[in-house]
Every structure is written in C-alpha cells, then in structure tokens.
Amino acid sequence: MSQPQYAPGIPGKVTEYADSVKQKFIKNATTSSVRPRTEPPTDLPVLPPGVSRNDYLDGIEELRTLVDGDVQLFDGPLDDGWYLHRPLSHDAYTLDSDDYFTNSAVCAPGSVEQVQSVVVWANKWSIPIYPISMGRNLGYGGASARVKGSVIVDMGKRMNKVLELNEKNAFCLLEPGVSYYTLYDEIQKSGKNLWVDVPDLGGGSVIGNALDRGVGYTPYGDHFGMHCGMEIILPNGELVRTGMGALPDATTEHGSANTWQLFPYGFGPYADGIFSQSNYGIVTKMGFWLMPDPGGHQTLQITFPREDDLHQIVEIMRPLKINNIISNVPHLRHIMQEASVYGDRKSFWDGDGPIPHDRIEDVIVPKLWMGSFRWILYFCVYGPEVVRKAHIQVIKDEFYKIPGAKLTYPEDTPPESYLRSRVKIYSGTPDLRELDWVMWLPNGSHTAFSPISPITGDDAVKQYNMTKRLHEKWGFDYFPTFCPGAREMHHIVMIIYDRYDADSRARARGMMQELVEEGAKLGMGEYRTHLALQDQVMATYNYNNGALLKMHNTIKNALDPNGIMAPGKSGIWGDRWTAPEEHKLAVNRSPVEKQVTNTIAQRQETKL
Ligand code: ADP
C-alpha cells in the first residue's frame, strides 16, 4: 500500500470527512470507549476452553515465529474504537456482557504459506482460530470469534493486493485485505472501464463481505453470487482452488486455468457455497465479476404519502424487479429510517418509548425536506440516455398509480440530501454516509433483523406488522427498509440501542431473540445474524429434524476434526465442541443472556 491510509483499507483522501464523523461519534458517547474488564488482570489473556495458560503463552511465542512476529496479545483494557478504527480484541457492539465475545490475540500472516503454518499451529496447540478479512462486520460480531480466547487471523493486514484487474472479461482477483475503497481506487488509477458494487459502507473487505453474504445496490448487488473462483486453506493446512482453479496451467501467472474467474463451476460438486458463512477454511483469494461501466446512470427517489401504501408499492415493484426494469437493488425505506440520517432521536422527540406513528406528521415531517410522506423508494436505472428515459417512464407510470406518489431527481434536492449519497452507492462509489443513523441514540450501536420473504405486498405487511408490534413491546423505534433482490426481498431492520445502558442492551437482545422466533413462525428466516444469535437462527432452519445442520456438522468433523477453525460460526460446532463437557464450556450462556431469556419469559407472561 503506497497511498497514505486513514485506517486499514481506508484511503487518506477521506480524512477530513472521516474525522468529522469521528467527532460526531465522540460527541454522541456518554462515556469513554475503553471498557473495564470483568476478568482480573491475572486471568488475562482469557484462555480458550481446555487450554492451559502455559500452553497458550508458549503457543503464542511459537506463532510469532511463523508470521514474521506480527502477533498482538490482548491482555489490557478493551477499547471499542469506532467503525474505521475497529477493535480486533472484541465485539464492540456487544449484545451480552461487555466482554462475552473477546479474543486473546491476533496474528497477521503475510503469505499463503504462512496461513498454512498458522492452521497447522492451531491443530498442534488445540487453540481455536478465527479468520477475518477487515473485521468491520459491526452489528454481526465485528472482528470477534464465537469462542472466547480465540486467536484472530487477520487476513487483511498484509495480504491486501489486487492480483488481477481484467477489463476485457470484466473481473478481478483479490486478496482478503482489498477493501471497497481500495478496489475502487485501483480501478480509477488504471483507467479501466469497470465498476465495483459497494455496500452501504465502503470500509469492509470485498472478500469478507461476500463470505458473509453481504449485499450491494447495483445490478451486481449479490456479492457472493458475483464471485467466481476461490482459493482456500482447509483446517488441515491443505491448499484448495475451486472451480476452474483446480485445473493447473503453468502458462498463467497464478498457475491455474485462465478460466478460473470466468466459469464458476469447473467439474464435480460445486464446492464454493460451503465456504460462505461457514467455518470450513480460510479464504486466501477470490475472484469477482465486475460490472462494465454501463454508459450512464440515474438515481431517483419516489415518495408515497401513506403508511398503508406499502402493500401496493411492493406489488408494483415485483414485476419491475423481476423483469429487470429496475435492475439495481432498490431501497424502500420508512420515514423513521429517513429521520435517522438527518438527526438524532432527541432532535425529533424527547418522550420515552418509540415515537408514536400518529405523531410522525407533527414531529418528523416538518424537519425533513421532502414534505409529508411515509415511504421513500430509492432506485437507479443504467445505460445510455434513451434506455434510461424509457425505463424511468415505465417505472413512473407504474408507481404513479398510487395517489400522491412523487418522483424527485437528485439535482432538485438540498446538498445534504440522502438521495445524493445514494447516487454514489448506486454507481459503485464507496461512501460512509450510512454511519449517521447509528447516532440516533447516545452510544449508538446496531444489530439487524433481516428476514427473507417473497416480494409481495402481503408478505411486506405481515413482516411490518409483526416487527412493529415487537418494537413497541420492547421500546425501540422501528427502522424498516425493504430491499428486493432477484426474486426475494431482504427486510433489513436496523435495531439501534445504547450499548453502555444495560437495560437498552438487554432489551435489544431480548427483542432480537423474539423477532427470530416470531419470524420463523411466519416462515421468514434470517439471511445473516450477530454471533450471539447464530445458534438460535441455525436452529430455525430445522426442516426434517435439523437435517441441514447435521450435514454441516458431518462436513465440519471431516474437515476439522480438532475443531480449530471458527468453532460455533453459524451454529456449526462439530464433535470436539459438542461433546458434553466441552459444549458446556463453549456455549454456556453468559449471565446477561440468562437474564434476558428470563426477562423474555416474564414479559411474555405479564404481556408487557
Ligand atoms: P468486513 O469486510 O465487513 O470487515 P470481515 O472481515 O469482518 O468483514 O468478515 C466477515 C466474516 O466473514 C468474518 O467474521 C468471518 O466469519 C468471515 N471471513 C472473513 N474473511 C474470511 C476469510 N479470509 N476466510 C474465511 N472466512 C472469512
């Protein structure tokens, strides 16, 4: 990395903006970001279950020799930092006790061979390791492992190269440390006619986001779906390439067939899927298809005046999406979610409990620039002007069937409008604007409830009613966003809570548990979740007595008999951790988890 950096994967050019956001975070905090530990200093670093202190410390000394000394031990206080300076020692956005998800060390290998040696080391010392690429997975566990005391394998720090950027066939081959910002800048520098699909925040790793099945908003928004070819180190240290990568070719630079990034399947079972949201290996390279510059783009918003318009909006959206008239991943957001990017909660409301929806007209609407509305749809059309115009006309005609619908162009909005930041995201330019809404509450932290449903009005309303009811019950403002994909809809519900307020955190934890439970009853499964909920979410995918989890565990036992690779990720533990004694150590509930579980039971009884 020759360019000056603000933070890992973040270019120096964003310094001014990033510093201003950081100041807002500091202002929004009521206490220091440094947390006292609950363990006595003599018990630090925290040991993983079944490992003695001497073994742990001897093991760490040996680890240093394998990765050019790039090892850090976490035996001091925990500092939450903020999004760009994220901690690698623990989950900053904890839902349980302060230090329930804490790691004891991090190592940063500098080559594929070093990653192999780290894996062999973990087997030798029986120390669990947990790979991350950038570790900015905030809201889902951040950089933390599921098992306390694990050693983080920071794949992003030293393995951060764009290995290939191919304009002719529109793909790239990356190492884990390539962030969206880095890839974007490399493309700009090269002058190649390619786009990157970026998620809401550009500081994550392209590989890390795809592996956790994150989404973006151009037609290439399904990040895992747009990858082609992987290189993985298995838990026994073996190096595997998938798809056409398994076909050697001495004439290419990487040594595999020149179709590795062109044809995803190769021959035989398609293996790639089992390495996403999983704990079967460490990904060292991954290919991605890139969207050629479409020759023009137009981002727009349409507002709708009534809460009850939701059903009709989604019914109109489905055919537009499936027929690719709207070819990007649009956002349909409630006015509450909009409010959160324009101010914090107290700038709208100083009462207790969620802002009542019958007060939106007098407390929220006057403070936003769009006039009165309840839903806002952001979308983008691509291609030459004639194509864009035709698409806009069709989309407008359809949505204008809803009385009061209003279409707006970015140039007609104030400079600070959220629509203008959407222009960036929808045209593949990394941004950080989405950090704003986290400051809705003091010490704002977030997690997400994100069930998948068909793109129908009935399903949207069903989800909306259930989620709103539970937000009211647990005392949170509800921020609904619907994001339709190719055939389904992600309902992304950001839950913002104050992590330093025990009551707020416990309520967030309790509500998440109940949302997952209630969602599953309605046939809605989560696509991704926080570490603290992964056992519960996996347990909802239990068709035929949990046959899928049994299969995952069979694969886990075969690939990782010593259970060293990210045990517990996605609720997959394998035999080493599910033998009765070990299991008790690993997945025993923290006191806060127990307390929350009891609170849920009590609240249900008293119908609070
Ligand atoms: P982000 O890009 O948002 O910072 P992370 O690097 O935190 O994402 O990765 C998200 C999750 O994906 C991690 O918690 C881990 O489970 C998985 N992951 C990330 N990088 C790798 C990798 N190189 N190999 C295997 N799993 C990974």
# chains A, B, ... in the order shown; residues from 1 in each chain; ligands from 1
>>> residues_around(residues="stretch 198-208 of chain A", least_positions_apart="5", cutoff="7 Å", atoms="only C-alpha atoms", output="VMD selection string")
chain A and resid 9 to 10 132 to 134 136 176 to 181 215 to 217 286 425 428 to 432 434
>>> residues_near_ligand(ligand="ligand 1", cutoff="8 Å", atoms="only C-alpha atoms and all ligand atoms", output="VMD selection string")
chain A and resid 130 to 138 140 to 145 155 to 156 176 179 203 to 212 232 275 to 285 566 569
>>> closest_atom_pairs(of="stretch 294-357 of chain A", to="stretch 485-501 of chain A", cutoff="10 Å", atoms="only C-alpha atoms", output="tab-separated table")
residue	atom	partner	partner_atom	distance
A:Val314	CA	A:Met489	CA	9.7
A:Arg318	CA	A:Arg487	CA	8.1
A:Pro319	CA	A:Arg487	CA	9.8
A:Lys321	CA	A:Ala486	CA	6.9
A:Ile322	CA	A:Ala486	CA	6.2
A:Asn323	CA	A:Ala486	CA	9.3
A:Asn324	CA	A:Ala486	CA	8.6
A:Ser327	CA	A:Ala486	CA	8.8
A:Asn328	CA	A:Gly485	CA	8.3
A:Val329	CA	A:Gly485	CA	5.9
A:Pro330	CA	A:Gly485	CA	8.3
A:His331	CA	A:Ile492	CA	9.7
A:Leu332	CA	A:His491	CA	9.5
A:Arg333	CA	A:Ile492	CA	9.5
A:Gln337	CA	A:Met494	CA	8.7
>>> select_by_dssp(residues="stretch 472-555 of chain A", states="strand (DSSP E or B)", output="PyMOL selection string")
chain A and resi 480-484+488-498+526
>>> closest_residue(among="A:Pro561, A:Pro8, A:Gly245, A:Gly519", to="A:Thr540", atoms="only C-alpha atoms")
A:Gly519
>>> residues_around(residues="A:Tyr378", least_positions_apart="5", cutoff="12 Å", atoms="only C-alpha atoms", output="PyMOL selection string")
chain A and resi 217-218+298-304+317+326+328-334+338+395+406-410+418-423+425-426+481-484
>>> closest_residue(among="A:Phe379, A:Tyr478, A:Arg35, A:Asn553", to="A:Thr94", atoms="only C-alpha atoms")
A:Arg35
>>> residues_around(residues="A:Gly404", least_positions_apart="5", cutoff="12 Å", atoms="only C-alpha atoms", output="PyMOL selection string")
chain A and resi 302-306+309+371-375+399
>>> write_last_selection(atoms="N, CA, C and O atoms", output="PDB file, in the first residue's frame")
ATOM      1  N   ILE A 302     -38.776   8.104  -5.093  1.00  0.00           N
ATOM      2  CA  ILE A 302     -40.221   8.343  -5.179  1.00  0.00           C
ATOM      3  C   ILE A 302     -40.765   8.276  -3.762  1.00  0.00           C
ATOM      4  O   ILE A 302     -40.470   7.320  -3.025  1.00  0.00           O
ATOM      5  N   THR A 303     -41.513   9.290  -3.361  1.00  0.00           N
ATOM      6  CA  THR A 303     -42.130   9.259  -2.034  1.00  0.00           C
ATOM      7  C   THR A 303     -43.603   8.878  -2.162  1.00  0.00           C
ATOM      8  O   THR A 303     -44.243   9.154  -3.184  1.00  0.00           O
ATOM      9  N   PHE A 304     -44.112   8.247  -1.107  1.00  0.00           N
ATOM     10  CA  PHE A 304     -45.515   7.811  -1.067  1.00  0.00           C
ATOM     11  C   PHE A 304     -46.112   8.313   0.238  1.00  0.00           C
ATOM     12  O   PHE A 304     -45.473   8.207   1.295  1.00  0.00           O
ATOM     13  N   PRO A 305     -47.347   8.808   0.204  1.00  0.00           N
ATOM     14  CA  PRO A 305     -47.825   9.565   1.370  1.00  0.00           C
ATOM     15  C   PRO A 305     -48.343   8.744   2.550  1.00  0.00           C
ATOM     16  O   PRO A 305     -48.363   9.263   3.658  1.00  0.00           O
ATOM     17  N   ARG A 306     -48.800   7.522   2.328  1.00  0.00           N
ATOM     18  CA  ARG A 306     -49.499   6.828   3.425  1.00  0.00           C
ATOM     19  C   ARG A 306     -48.756   5.569   3.875  1.00  0.00           C
ATOM     20  O   ARG A 306     -48.201   4.842   3.042  1.00  0.00           O
ATOM     21  N   ASP A 309     -49.666   2.472   2.013  1.00  0.00           N
ATOM     22  CA  ASP A 309     -49.254   2.289   0.609  1.00  0.00           C
ATOM     23  C   ASP A 309     -48.297   1.116   0.447  1.00  0.00           C
ATOM     24  O   ASP A 309     -48.035   0.670  -0.675  1.00  0.00           O
ATOM     25  N   GLY A 371     -41.214  17.039   2.478  1.00  0.00           N
ATOM     26  CA  GLY A 371     -42.653  17.211   2.659  1.00  0.00           C
ATOM     27  C   GLY A 371     -43.214  15.974   3.333  1.00  0.00           C
ATOM     28  O   GLY A 371     -42.460  15.155   3.856  1.00  0.00           O
ATOM     29  N   SER A 372     -44.544  15.832   3.284  1.00  0.00           N
ATOM     30  CA  SER A 372     -45.156  14.720   4.016  1.00  0.00           C
ATOM     31  C   SER A 372     -45.095  13.430   3.203  1.00  0.00           C
ATOM     32  O   SER A 372     -45.457  13.399   2.034  1.00  0.00           O
ATOM     33  N   PHE A 373     -44.608  12.389   3.820  1.00  0.00           N
ATOM     34  CA  PHE A 373     -44.570  11.073   3.179  1.00  0.00           C
ATOM     35  C   PHE A 373     -44.408  10.018   4.269  1.00  0.00           C
ATOM     36  O   PHE A 373     -44.121  10.343   5.419  1.00  0.00           O
ATOM     37  N   ARG A 374     -44.613   8.753   3.913  1.00  0.00           N
ATOM     38  CA  ARG A 374     -44.345   7.673   4.874  1.00  0.00           C
ATOM     39  C   ARG A 374     -43.330   6.682   4.338  1.00  0.00           C
ATOM     40  O   ARG A 374     -42.602   6.059   5.078  1.00  0.00           O
ATOM     41  N   TRP A 375     -43.316   6.477   3.006  1.00  0.00           N
ATOM     42  CA  TRP A 375     -42.349   5.546   2.412  1.00  0.00           C
ATOM     43  C   TRP A 375     -41.567   6.281   1.341  1.00  0.00           C
ATOM     44  O   TRP A 375     -42.104   7.169   0.668  1.00  0.00           O
ATOM     45  N   PHE A 399     -45.666   3.496 -10.638  1.00  0.00           N
ATOM     46  CA  PHE A 399     -45.798   3.959  -9.247  1.00  0.00           C
ATOM     47  C   PHE A 399     -46.773   5.130  -9.107  1.00  0.00           C
ATOM     48  O   PHE A 399     -47.345   5.330  -8.033  1.00  0.00           O
TER      49      PHE A 399
END
>>> atom_distance(atom1="atom CA of A:Met565", atom2="atom CA of A:Gly221")
28.6 Å
>>> residues_around(residues="A:Lys124", least_positions_apart="2", cutoff="12 Å", atoms="only C-alpha atoms", output="list in words")
Val51, Asp55, Tyr56, Asp58, Gly59, Ile60, Glu62, Leu63, Ser117, Val118, Val119, Val120, Trp121, Ala122, Ser126, Ile127, Pro128, Pro235, Asn236, Gly237, Asn562, Gly563 and Ile564 of chain A
>>> decode(residues="stretch 509-544 of chain A", atoms="N, CA, C and O atoms", output="PDB file, in the first residue's frame")
ATOM      1  N   ARG A 509     -31.285  -7.365  22.918  1.00  0.00           N
ATOM      2  CA  ARG A 509     -31.004  -8.804  22.875  1.00  0.00           C
ATOM      3  C   ARG A 509     -32.307  -9.594  22.905  1.00  0.00           C
ATOM      4  O   ARG A 509     -32.542 -10.501  22.118  1.00  0.00           O
ATOM      5  N   GLY A 510     -33.166  -9.195  23.848  1.00  0.00           N
ATOM      6  CA  GLY A 510     -34.443  -9.900  24.013  1.00  0.00           C
ATOM      7  C   GLY A 510     -35.305  -9.750  22.773  1.00  0.00           C
ATOM      8  O   GLY A 510     -35.918 -10.721  22.304  1.00  0.00           O
ATOM      9  N   MET A 511     -35.339  -8.535  22.217  1.00  0.00           N
ATOM     10  CA  MET A 511     -36.187  -8.331  21.036  1.00  0.00           C
ATOM     11  C   MET A 511     -35.668  -9.146  19.850  1.00  0.00           C
ATOM     12  O   MET A 511     -36.449  -9.750  19.118  1.00  0.00           O
ATOM     13  N   MET A 512     -34.346  -9.165  19.675  1.00  0.00           N
ATOM     14  CA  MET A 512     -33.788  -9.956  18.573  1.00  0.00           C
ATOM     15  C   MET A 512     -34.217 -11.415  18.691  1.00  0.00           C
ATOM     16  O   MET A 512     -34.627 -12.043  17.715  1.00  0.00           O
ATOM     17  N   GLN A 513     -34.112 -11.948  19.908  1.00  0.00           N
ATOM     18  CA  GLN A 513     -34.485 -13.362  20.089  1.00  0.00           C
ATOM     19  C   GLN A 513     -35.937 -13.584  19.706  1.00  0.00           C
ATOM     20  O   GLN A 513     -36.279 -14.545  19.032  1.00  0.00           O
ATOM     21  N   GLU A 514     -36.778 -12.667  20.149  1.00  0.00           N
ATOM     22  CA  GLU A 514     -38.201 -12.851  19.874  1.00  0.00           C
ATOM     23  C   GLU A 514     -38.516 -12.635  18.392  1.00  0.00           C
ATOM     24  O   GLU A 514     -39.355 -13.328  17.821  1.00  0.00           O
ATOM     25  N   LEU A 515     -37.821 -11.686  17.757  1.00  0.00           N
ATOM     26  CA  LEU A 515     -38.038 -11.459  16.323  1.00  0.00           C
ATOM     27  C   LEU A 515     -37.676 -12.712  15.521  1.00  0.00           C
ATOM     28  O   LEU A 515     -38.398 -13.113  14.607  1.00  0.00           O
ATOM     29  N   VAL A 516     -36.552 -13.312  15.886  1.00  0.00           N
ATOM     30  CA  VAL A 516     -36.116 -14.513  15.157  1.00  0.00           C
ATOM     31  C   VAL A 516     -37.158 -15.622  15.328  1.00  0.00           C
ATOM     32  O   VAL A 516     -37.562 -16.289  14.361  1.00  0.00           O
ATOM     33  N   GLU A 517     -37.614 -15.753  16.572  1.00  0.00           N
ATOM     34  CA  GLU A 517     -38.595 -16.797  16.885  1.00  0.00           C
ATOM     35  C   GLU A 517     -39.914 -16.556  16.125  1.00  0.00           C
ATOM     36  O   GLU A 517     -40.428 -17.440  15.450  1.00  0.00           O
ATOM     37  N   GLU A 518     -40.422 -15.326  16.226  1.00  0.00           N
ATOM     38  CA  GLU A 518     -41.705 -14.993  15.584  1.00  0.00           C
ATOM     39  C   GLU A 518     -41.586 -15.036  14.066  1.00  0.00           C
ATOM     40  O   GLU A 518     -42.492 -15.473  13.375  1.00  0.00           O
ATOM     41  N   GLY A 519     -40.433 -14.554  13.554  1.00  0.00           N
ATOM     42  CA  GLY A 519     -40.211 -14.562  12.104  1.00  0.00           C
ATOM     43  C   GLY A 519     -40.271 -15.976  11.568  1.00  0.00           C
ATOM     44  O   GLY A 519     -40.920 -16.249  10.550  1.00  0.00           O
ATOM     45  N   ALA A 520     -39.609 -16.888  12.275  1.00  0.00           N
ATOM     46  CA  ALA A 520     -39.580 -18.283  11.804  1.00  0.00           C
ATOM     47  C   ALA A 520     -40.989 -18.862  11.778  1.00  0.00           C
ATOM     48  O   ALA A 520     -41.341 -19.633  10.876  1.00  0.00           O
ATOM     49  N   LYS A 521     -41.825 -18.465  12.747  1.00  0.00           N
ATOM     50  CA  LYS A 521     -43.208 -18.973  12.766  1.00  0.00           C
ATOM     51  C   LYS A 521     -43.954 -18.510  11.512  1.00  0.00           C
ATOM     52  O   LYS A 521     -44.853 -19.178  11.032  1.00  0.00           O
ATOM     53  N   LEU A 522     -43.576 -17.328  10.996  1.00  0.00           N
ATOM     54  CA  LEU A 522     -44.220 -16.817   9.775  1.00  0.00           C
ATOM     55  C   LEU A 522     -43.519 -17.327   8.517  1.00  0.00           C
ATOM     56  O   LEU A 522     -43.796 -16.867   7.408  1.00  0.00           O
ATOM     57  N   GLY A 523     -42.547 -18.242   8.674  1.00  0.00           N
ATOM     58  CA  GLY A 523     -41.836 -18.780   7.506  1.00  0.00           C
ATOM     59  C   GLY A 523     -40.741 -17.853   7.003  1.00  0.00           C
ATOM     60  O   GLY A 523     -40.315 -17.957   5.856  1.00  0.00           O
ATOM     61  N   MET A 524     -40.295 -16.929   7.869  1.00  0.00           N
ATOM     62  CA  MET A 524     -39.255 -15.992   7.434  1.00  0.00           C
ATOM     63  C   MET A 524     -37.950 -16.280   8.169  1.00  0.00           C
ATOM     64  O   MET A 524     -37.874 -16.163   9.385  1.00  0.00           O
ATOM     65  N   GLY A 525     -36.930 -16.660   7.405  1.00  0.00           N
ATOM     66  CA  GLY A 525     -35.630 -16.971   8.005  1.00  0.00           C
ATOM     67  C   GLY A 525     -34.688 -15.800   7.828  1.00  0.00           C
ATOM     68  O   GLY A 525     -34.791 -15.037   6.876  1.00  0.00           O
ATOM     69  N   GLU A 526     -33.745 -15.686   8.760  1.00  0.00           N
ATOM     70  CA  GLU A 526     -32.734 -14.622   8.678  1.00  0.00           C
ATOM     71  C   GLU A 526     -31.649 -15.010   7.689  1.00  0.00           C
ATOM     72  O   GLU A 526     -31.234 -16.173   7.638  1.00  0.00           O
ATOM     73  N   TYR A 527     -31.116 -14.029   6.956  1.00  0.00           N
ATOM     74  CA  TYR A 527     -30.060 -14.351   5.987  1.00  0.00           C
ATOM     75  C   TYR A 527     -28.671 -14.228   6.615  1.00  0.00           C
ATOM     76  O   TYR A 527     -27.702 -14.728   6.081  1.00  0.00           O
ATOM     77  N   ARG A 528     -28.602 -13.595   7.791  1.00  0.00           N
ATOM     78  CA  ARG A 528     -27.304 -13.278   8.385  1.00  0.00           C
ATOM     79  C   ARG A 528     -27.604 -12.803   9.798  1.00  0.00           C
ATOM     80  O   ARG A 528     -28.628 -12.161  10.024  1.00  0.00           O
ATOM     81  N   THR A 529     -26.744 -13.082  10.746  1.00  0.00           N
ATOM     82  CA  THR A 529     -27.041 -12.574  12.090  1.00  0.00           C
ATOM     83  C   THR A 529     -25.787 -12.384  12.929  1.00  0.00           C
ATOM     84  O   THR A 529     -24.701 -12.844  12.567  1.00  0.00           O
ATOM     85  N   HIS A 530     -25.977 -11.714  14.059  1.00  0.00           N
ATOM     86  CA  HIS A 530     -24.914 -11.485  15.036  1.00  0.00           C
ATOM     87  C   HIS A 530     -24.478 -12.824  15.638  1.00  0.00           C
ATOM     88  O   HIS A 530     -25.294 -13.745  15.787  1.00  0.00           O
ATOM     89  N   LEU A 531     -23.204 -12.894  16.028  1.00  0.00           N
ATOM     90  CA  LEU A 531     -22.658 -14.101  16.667  1.00  0.00           C
ATOM     91  C   LEU A 531     -23.560 -14.635  17.780  1.00  0.00           C
ATOM     92  O   LEU A 531     -23.737 -15.844  17.926  1.00  0.00           O
ATOM     93  N   ALA A 532     -24.117 -13.695  18.556  1.00  0.00           N
ATOM     94  CA  ALA A 532     -24.897 -14.081  19.732  1.00  0.00           C
ATOM     95  C   ALA A 532     -26.191 -14.794  19.359  1.00  0.00           C
ATOM     96  O   ALA A 532     -26.804 -15.436  20.207  1.00  0.00           O
ATOM     97  N   LEU A 533     -26.611 -14.661  18.112  1.00  0.00           N
ATOM     98  CA  LEU A 533     -27.892 -15.251  17.700  1.00  0.00           C
ATOM     99  C   LEU A 533     -27.697 -16.426  16.743  1.00  0.00           C
ATOM    100  O   LEU A 533     -28.671 -16.998  16.260  1.00  0.00           O
ATOM    101  N   GLN A 534     -26.449 -16.768  16.441  1.00  0.00           N
ATOM    102  CA  GLN A 534     -26.236 -17.746  15.360  1.00  0.00           C
ATOM    103  C   GLN A 534     -26.749 -19.141  15.701  1.00  0.00           C
ATOM    104  O   GLN A 534     -27.281 -19.832  14.826  1.00  0.00           O
ATOM    105  N   ASP A 535     -26.609 -19.542  16.966  1.00  0.00           N
ATOM    106  CA  ASP A 535     -27.174 -20.854  17.346  1.00  0.00           C
ATOM    107  C   ASP A 535     -28.681 -20.837  17.156  1.00  0.00           C
ATOM    108  O   ASP A 535     -29.270 -21.770  16.630  1.00  0.00           O
ATOM    109  N   GLN A 536     -29.294 -19.731  17.603  1.00  0.00           N
ATOM    110  CA  GLN A 536     -30.757 -19.655  17.537  1.00  0.00           C
ATOM    111  C   GLN A 536     -31.248 -19.635  16.094  1.00  0.00           C
ATOM    112  O   GLN A 536     -32.195 -20.332  15.742  1.00  0.00           O
ATOM    113  N   VAL A 537     -30.585 -18.848  15.254  1.00  0.00           N
ATOM    114  CA  VAL A 537     -31.041 -18.764  13.856  1.00  0.00           C
ATOM    115  C   VAL A 537     -30.851 -20.116  13.172  1.00  0.00           C
ATOM    116  O   VAL A 537     -31.741 -20.609  12.480  1.00  0.00           O
ATOM    117  N   MET A 538     -29.685 -20.732  13.398  1.00  0.00           N
ATOM    118  CA  MET A 538     -29.470 -22.041  12.761  1.00  0.00           C
ATOM    119  C   MET A 538     -30.541 -23.035  13.209  1.00  0.00           C
ATOM    120  O   MET A 538     -31.013 -23.852  12.422  1.00  0.00           O
ATOM    121  N   ALA A 539     -30.954 -22.921  14.476  1.00  0.00           N
ATOM    122  CA  ALA A 539     -31.971 -23.850  14.987  1.00  0.00           C
ATOM    123  C   ALA A 539     -33.330 -23.657  14.312  1.00  0.00           C
ATOM    124  O   ALA A 539     -34.177 -24.550  14.342  1.00  0.00           O
ATOM    125  N   THR A 540     -33.538 -22.488  13.690  1.00  0.00           N
ATOM    126  CA  THR A 540     -34.823 -22.301  12.989  1.00  0.00           C
ATOM    127  C   THR A 540     -34.810 -22.985  11.620  1.00  0.00           C
ATOM    128  O   THR A 540     -35.849 -23.257  11.049  1.00  0.00           O
ATOM    129  N   TYR A 541     -33.619 -23.248  11.089  1.00  0.00           N
ATOM    130  CA  TYR A 541     -33.524 -23.926   9.778  1.00  0.00           C
ATOM    131  C   TYR A 541     -33.534 -25.437  10.036  1.00  0.00           C
ATOM    132  O   TYR A 541     -32.547 -26.119   9.784  1.00  0.00           O
ATOM    133  N   ASN A 542     -34.655 -25.931  10.586  1.00  0.00           N
ATOM    134  CA  ASN A 542     -34.631 -27.281  11.155  1.00  0.00           C
ATOM    135  C   ASN A 542     -35.535 -28.272  10.420  1.00  0.00           C
ATOM    136  O   ASN A 542     -36.043 -29.212  11.026  1.00  0.00           O
ATOM    137  N   TYR A 543     -35.784 -28.053   9.146  1.00  0.00           N
ATOM    138  CA  TYR A 543     -36.612 -28.981   8.369  1.00  0.00           C
ATOM    139  C   TYR A 543     -36.075 -30.406   8.532  1.00  0.00           C
ATOM    140  O   TYR A 543     -34.849 -30.618   8.492  1.00  0.00           O
ATOM    141  N   ASN A 544     -36.990 -31.356   8.702  1.00  0.00           N
ATOM    142  CA  ASN A 544     -36.623 -32.774   8.889  1.00  0.00           C
ATOM    143  C   ASN A 544     -35.610 -32.952  10.021  1.00  0.00           C
ATOM    144  O   ASN A 544     -34.520 -33.489   9.829  1.00  0.00           O
TER     145      ASN A 544
END
